[in-house]
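Okay, query-v1.cif now, which holds mmCIF, C-alpha atoms; chains and numbers go by the auth columns:
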data_coords
#
loop_
_atom_site.group_PDB
_atom_site.id
_atom_site.type_symbol
_atom_site.label_atom_id
_atom_site.label_comp_id
_atom_site.label_asym_id
_atom_site.label_seq_id
_atom_site.Cartn_x
_atom_site.Cartn_y
_atom_site.Cartn_z
_atom_site.B_iso_or_equiv
_atom_site.auth_seq_id
_atom_site.auth_asym_id
ATOM 1 C CA MET A 1 88.271 110.194 86.387 0.00 1259 Q
ATOM 2 C CA LYS A 2 87.307 110.305 82.733 0.00 1260 Q
ATOM 3 C CA SER A 3 83.535 110.894 83.099 0.00 1261 Q
ATOM 4 C CA TYR A 4 81.042 111.542 85.935 0.00 1262 Q
ATOM 5 C CA ASP A 5 77.446 110.935 84.840 0.00 1263 Q
ATOM 6 C CA PRO A 6 75.038 112.939 87.050 0.00 1264 Q
ATOM 7 C CA ASN A 7 72.085 110.854 85.846 0.00 1265 Q
ATOM 8 C CA ILE A 8 73.262 107.545 87.354 0.00 1266 Q
ATOM 9 C CA GLN A 9 71.643 107.335 90.788 0.00 1267 Q
ATOM 10 C CA TYR A 10 73.093 104.205 92.370 0.00 1268 Q
ATOM 11 C CA GLY A 11 76.750 103.318 92.305 0.00 1269 Q
ATOM 12 C CA ILE A 12 80.019 103.008 94.151 0.00 1270 Q
ATOM 13 C CA HIS A 13 82.288 106.020 94.559 0.00 1271 Q
ATOM 14 C CA THR A 14 85.974 105.583 95.309 0.00 1272 Q
ATOM 15 C CA ILE A 15 87.168 108.529 97.377 0.00 1273 Q
ATOM 16 C CA GLU A 16 90.819 109.451 97.994 0.00 1274 Q
ATOM 17 C CA ILE A 17 91.686 111.532 101.054 0.00 1275 Q
ATOM 18 C CA THR A 18 95.140 113.140 101.230 0.00 1276 Q
ATOM 19 C CA LEU A 19 96.729 113.824 104.624 0.00 1277 Q
ATOM 20 C CA GLN A 20 99.680 116.178 104.924 0.00 1278 Q
ATOM 21 C CA LEU A 21 101.948 117.614 107.612 0.00 1279 Q
ATOM 22 C CA TRP A 22 104.696 119.800 106.203 0.00 1280 Q
ATOM 23 C CA GLU A 23 106.157 117.780 103.293 0.00 1281 Q
ATOM 24 C CA TYR A 24 104.961 114.412 104.677 0.00 1282 Q
ATOM 25 C CA VAL A 25 101.948 112.907 102.882 0.00 1283 Q
ATOM 26 C CA GLY A 26 99.659 109.885 103.102 0.00 1284 Q
ATOM 27 C CA HIS A 27 96.574 108.758 101.207 0.00 1285 Q
ATOM 28 C CA ILE A 28 93.425 106.964 102.303 0.00 1286 Q
ATOM 29 C CA THR A 29 90.859 105.461 99.947 0.00 1287 Q
ATOM 30 C CA ARG A 30 87.381 104.301 100.743 0.00 1288 Q
ATOM 31 C CA LYS A 31 84.364 103.146 98.780 0.00 1289 Q
ATOM 32 C CA ILE A 32 80.914 104.625 99.291 0.00 1290 Q
ATOM 33 C CA GLY A 33 77.890 102.924 97.779 0.00 1291 Q
ATOM 34 C CA GLY A 34 74.316 104.019 97.424 0.00 1292 Q
ATOM 35 C CA ASN A 35 72.213 106.809 96.015 0.00 1293 Q
ATOM 36 C CA CYS A 36 74.492 109.795 96.566 0.00 1294 Q
ATOM 37 C CA LYS A 37 76.577 112.091 94.375 0.00 1295 Q
ATOM 38 C CA GLY A 38 79.083 114.938 94.542 0.00 1296 Q
ATOM 39 C CA ILE A 39 79.537 116.766 97.832 0.00 1297 Q
ATOM 40 C CA ASP A 40 77.501 114.164 99.729 0.00 1298 Q
ATOM 41 C CA VAL A 41 80.282 111.597 99.267 0.00 1299 Q
ATOM 42 C CA LEU A 42 83.078 114.118 99.820 0.00 1300 Q
ATOM 43 C CA ASP A 43 81.946 115.086 103.326 0.00 1301 Q
ATOM 44 C CA PHE A 44 84.550 112.956 105.089 0.00 1302 Q
ATOM 45 C CA ASP A 45 84.967 112.903 108.855 0.00 1303 Q
ATOM 46 C CA PHE A 46 87.127 110.428 110.748 0.00 1304 Q
ATOM 47 C CA GLU A 47 84.724 110.530 113.689 0.00 1305 Q
ATOM 48 C CA CYS A 48 82.119 108.564 111.769 0.00 1306 Q
ATOM 49 C CA GLU A 49 84.523 106.113 110.160 0.00 1307 Q
ATOM 50 C CA ASP A 50 85.899 102.759 111.207 0.00 1308 Q
ATOM 51 C CA GLY A 51 89.631 102.974 110.522 0.00 1309 Q
ATOM 52 C CA ASP A 52 89.754 99.254 109.756 0.00 1310 Q
ATOM 53 C CA CYS A 53 87.473 99.597 106.712 0.00 1311 Q
ATOM 54 C CA LEU A 54 89.733 102.085 104.931 0.00 1312 Q
ATOM 55 C CA ASP A 55 92.647 101.336 102.609 0.00 1313 Q
ATOM 56 C CA SER A 56 95.749 103.484 102.962 0.00 1314 Q
ATOM 57 C CA ASP A 57 99.370 103.855 101.919 0.00 1315 Q
ATOM 58 C CA CYS A 58 100.204 105.294 105.355 0.00 1316 Q
ATOM 59 C CA ASN A 59 99.416 102.370 107.681 0.00 1317 Q
ATOM 60 C CA LEU A 60 96.365 104.148 109.102 0.00 1318 Q
ATOM 61 C CA LYS A 61 95.152 102.686 112.399 0.00 1319 Q
ATOM 62 C CA PHE A 62 92.378 103.729 114.782 0.00 1320 Q
ATOM 63 C CA ASN A 63 92.577 103.131 118.533 0.00 1321 Q
ATOM 64 C CA GLU A 64 88.932 102.942 119.574 0.00 1322 Q
ATOM 65 C CA GLU A 65 89.681 102.703 123.289 0.00 1323 Q
ATOM 66 C CA TYR A 66 91.576 106.025 123.362 0.00 1324 Q
ATOM 67 C CA ASN A 67 89.875 107.593 120.308 0.00 1325 Q
ATOM 68 C CA TYR A 68 92.993 108.449 118.301 0.00 1326 Q
ATOM 69 C CA PHE A 69 94.463 107.671 114.904 0.00 1327 Q
ATOM 70 C CA SER A 70 98.022 106.839 113.970 0.00 1328 Q
ATOM 71 C CA ALA A 71 99.683 106.885 110.555 0.00 1329 Q
ATOM 72 C CA THR A 72 103.087 106.881 108.898 0.00 1330 Q
ATOM 73 C CA LEU A 73 103.437 109.745 106.423 0.00 1331 Q
ATOM 74 C CA LYS A 74 106.242 109.926 103.826 0.00 1332 Q
ATOM 75 C CA ASP A 75 108.068 112.716 102.046 0.00 1333 Q
ATOM 76 C CA SER A 76 109.283 112.649 98.422 0.00 1334 Q
ATOM 77 C CA GLU A 77 112.648 111.194 99.502 0.00 1335 Q
ATOM 78 C CA GLY A 78 111.045 108.274 101.380 0.00 1336 Q
ATOM 79 C CA ASN A 79 111.630 109.662 104.878 0.00 1337 Q
ATOM 80 C CA THR A 80 108.808 108.880 107.297 0.00 1338 Q
ATOM 81 C CA MET A 81 106.971 110.716 110.051 0.00 1339 Q
ATOM 82 C CA GLU A 82 104.935 108.829 112.659 0.00 1340 Q
ATOM 83 C CA VAL A 83 101.743 110.647 113.635 0.00 1341 Q
ATOM 84 C CA GLU A 84 99.395 109.959 116.560 0.00 1342 Q
ATOM 85 C CA GLU A 85 96.527 112.406 116.910 0.00 1343 Q
ATOM 86 C CA SER A 86 93.050 112.655 118.353 0.00 1344 Q
ATOM 87 C CA VAL A 87 90.169 112.302 115.931 0.00 1345 Q
ATOM 88 C CA HIS A 88 89.623 116.075 115.974 0.00 1346 Q
ATOM 89 C CA ASP A 89 93.275 116.905 115.242 0.00 1347 Q
ATOM 90 C CA PHE A 90 93.584 114.198 112.598 0.00 1348 Q
ATOM 91 C CA ASN A 91 90.793 115.872 110.601 0.00 1349 Q
ATOM 92 C CA LYS A 92 92.939 119.019 110.449 0.00 1350 Q
ATOM 93 C CA MET A 93 95.548 117.078 108.433 0.00 1351 Q
ATOM 94 C CA ILE A 94 93.157 116.546 105.492 0.00 1352 Q
ATOM 95 C CA VAL A 95 94.299 118.702 102.556 0.00 1353 Q
ATOM 96 C CA LYS A 96 92.366 117.058 99.721 0.00 1354 Q
ATOM 97 C CA VAL A 97 89.267 114.897 99.227 0.00 1355 Q
ATOM 98 C CA GLU A 98 88.586 113.692 95.685 0.00 1356 Q
ATOM 99 C CA ILE A 99 86.283 111.300 93.850 0.00 1357 Q
ATOM 100 C CA ILE A 100 88.715 109.192 91.827 0.00 1358 Q
ATOM 101 C CA ASP A 101 86.279 106.621 90.441 0.00 1359 Q
ATOM 102 C CA PHE A 102 82.547 105.913 90.085 0.00 1360 Q
ATOM 103 C CA GLN A 103 81.028 102.624 89.002 0.00 1361 Q
ATOM 104 C CA LYS A 104 77.331 102.200 88.245 0.00 1362 Q
ATOM 105 C CA ASP A 105 75.571 99.694 90.489 0.00 1363 Q
ATOM 106 C CA GLU A 106 74.538 97.012 88.015 0.00 1364 Q
ATOM 107 C CA ASP A 107 71.697 95.823 90.290 0.00 1365 Q
ATOM 108 C CA GLU A 108 69.814 99.120 89.976 0.00 1366 Q
#
Go ahead and render the structure in this file as structure tokens.
Amino acid sequence: MKSYDPNIQYGIHTIEITLQLWEYVGHITRKIGGNCKGIDVLDFDFECEDGDCLDSDCNLKFNEEYNYFSATLKDSEGNTMEVEESVHDFNKMIVKVEIIDFQKDEDE
């Protein structure tokens, strides 16, 4: 991100979450709108998210009935690892949470 203006109150943050197990990695992006900045938008927890509203490069899916997530992580050579974990254990796979974009809400 080129610039992050702390004076803009309302906008849309794009957050990227990186999952990793050994050398296998996946990324999830989500957009968060409203009057929030910094750490408030980085406090990510799968328990309060609807897996269907997230974009990912790892085929992220949430099974609401059994309360678990599944994903397909990849290594640098393109090999894949299928992962099925409870919500609690899936959170342990998060190795990075980053604001990658912020757009001012033009209506404010």
Care to translate the PyMOL selection byres ((chain Q and resi 1282) around 10) into actual residues of this file, as a list in words?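 Applying the expression gives Leu1277, Gln1278, Leu1279, Trp1280, Glu1281, Val1283, Gly1284, Thr1330, Leu1331, Lys1332, Asp1333, Ser1334, Glu1335, Gly1336, Asn1337, Thr1338, Met1339 and Glu1340 of chain Q.
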Record the distance separating atom CA of Lys1354 of chain Q and atom CA of Glu1323 of chain Q, expressed in Å with one decimal.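 Between these atoms lies a distance of 27.7 Å.
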Could you write out as a count of residues only the residues that the PyMOL selection byres ((chain Q and resi 1355-1359) around 7) matches in the shown file? 11
Give me the residues near Asp1363 of chain Q as a ChimeraX atom specification, where near means some atom within 9 Å (using all atoms listed in the file) and where sequence neighbours in that chain fewer than 6 positions away do not count. /Q:1266-1270,1291-1292
Since I can't run it myself right now, could you work out what the PyMOL selection byres ((chain Q and resi 1324-1329) around 8) selects here and report it as a list in words?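 In the shown coordinates, the PyMOL selection byres ((chain Q and resi 1324-1329) around 8) covers Cys1316, Asn1317, Leu1318, Lys1319, Phe1320, Asn1321, Glu1322, Glu1323, Thr1330, Leu1331, Glu1340, Val1341, Glu1342, Glu1343, Ser1344, Val1345 and Phe1348 of chain Q.
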Quote the spacing between atom CA of Asp1315 of chain Q and atom CA of Lys1260 of chain Q in Å to one decimal place. 23.6 Å
By how many Å are atom CA of Asn1293 of chain Q and atom CA of Pro1264 of chain Q apart? 11.2 Å
Have a look at Q:Ser1314, Q:Asp1365, Q:His1346, Q:Val1353 and name the one nearest to Ile1286 of chain Q; count all atoms listed in the file. Q:Ser1314
Segment 1362-1366 of chain Q: axis-aligned bounding box, 6 Å on each side, centre and edge lengths in Å, one decimal, as lines of an AutoDock Vina configuration file:
center_x = 73.6
center_y = 99.0
center_z = 89.3
size_x = 19.5
size_y = 18.4
size_z = 14.5
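Counting all atoms listed in the file and comparing Q:Glu1364, Q:Ser1261, Q:Val1299, Q:Ile1352, the residue that lies closest to His1285 of chain Q is Q:Ile1352.
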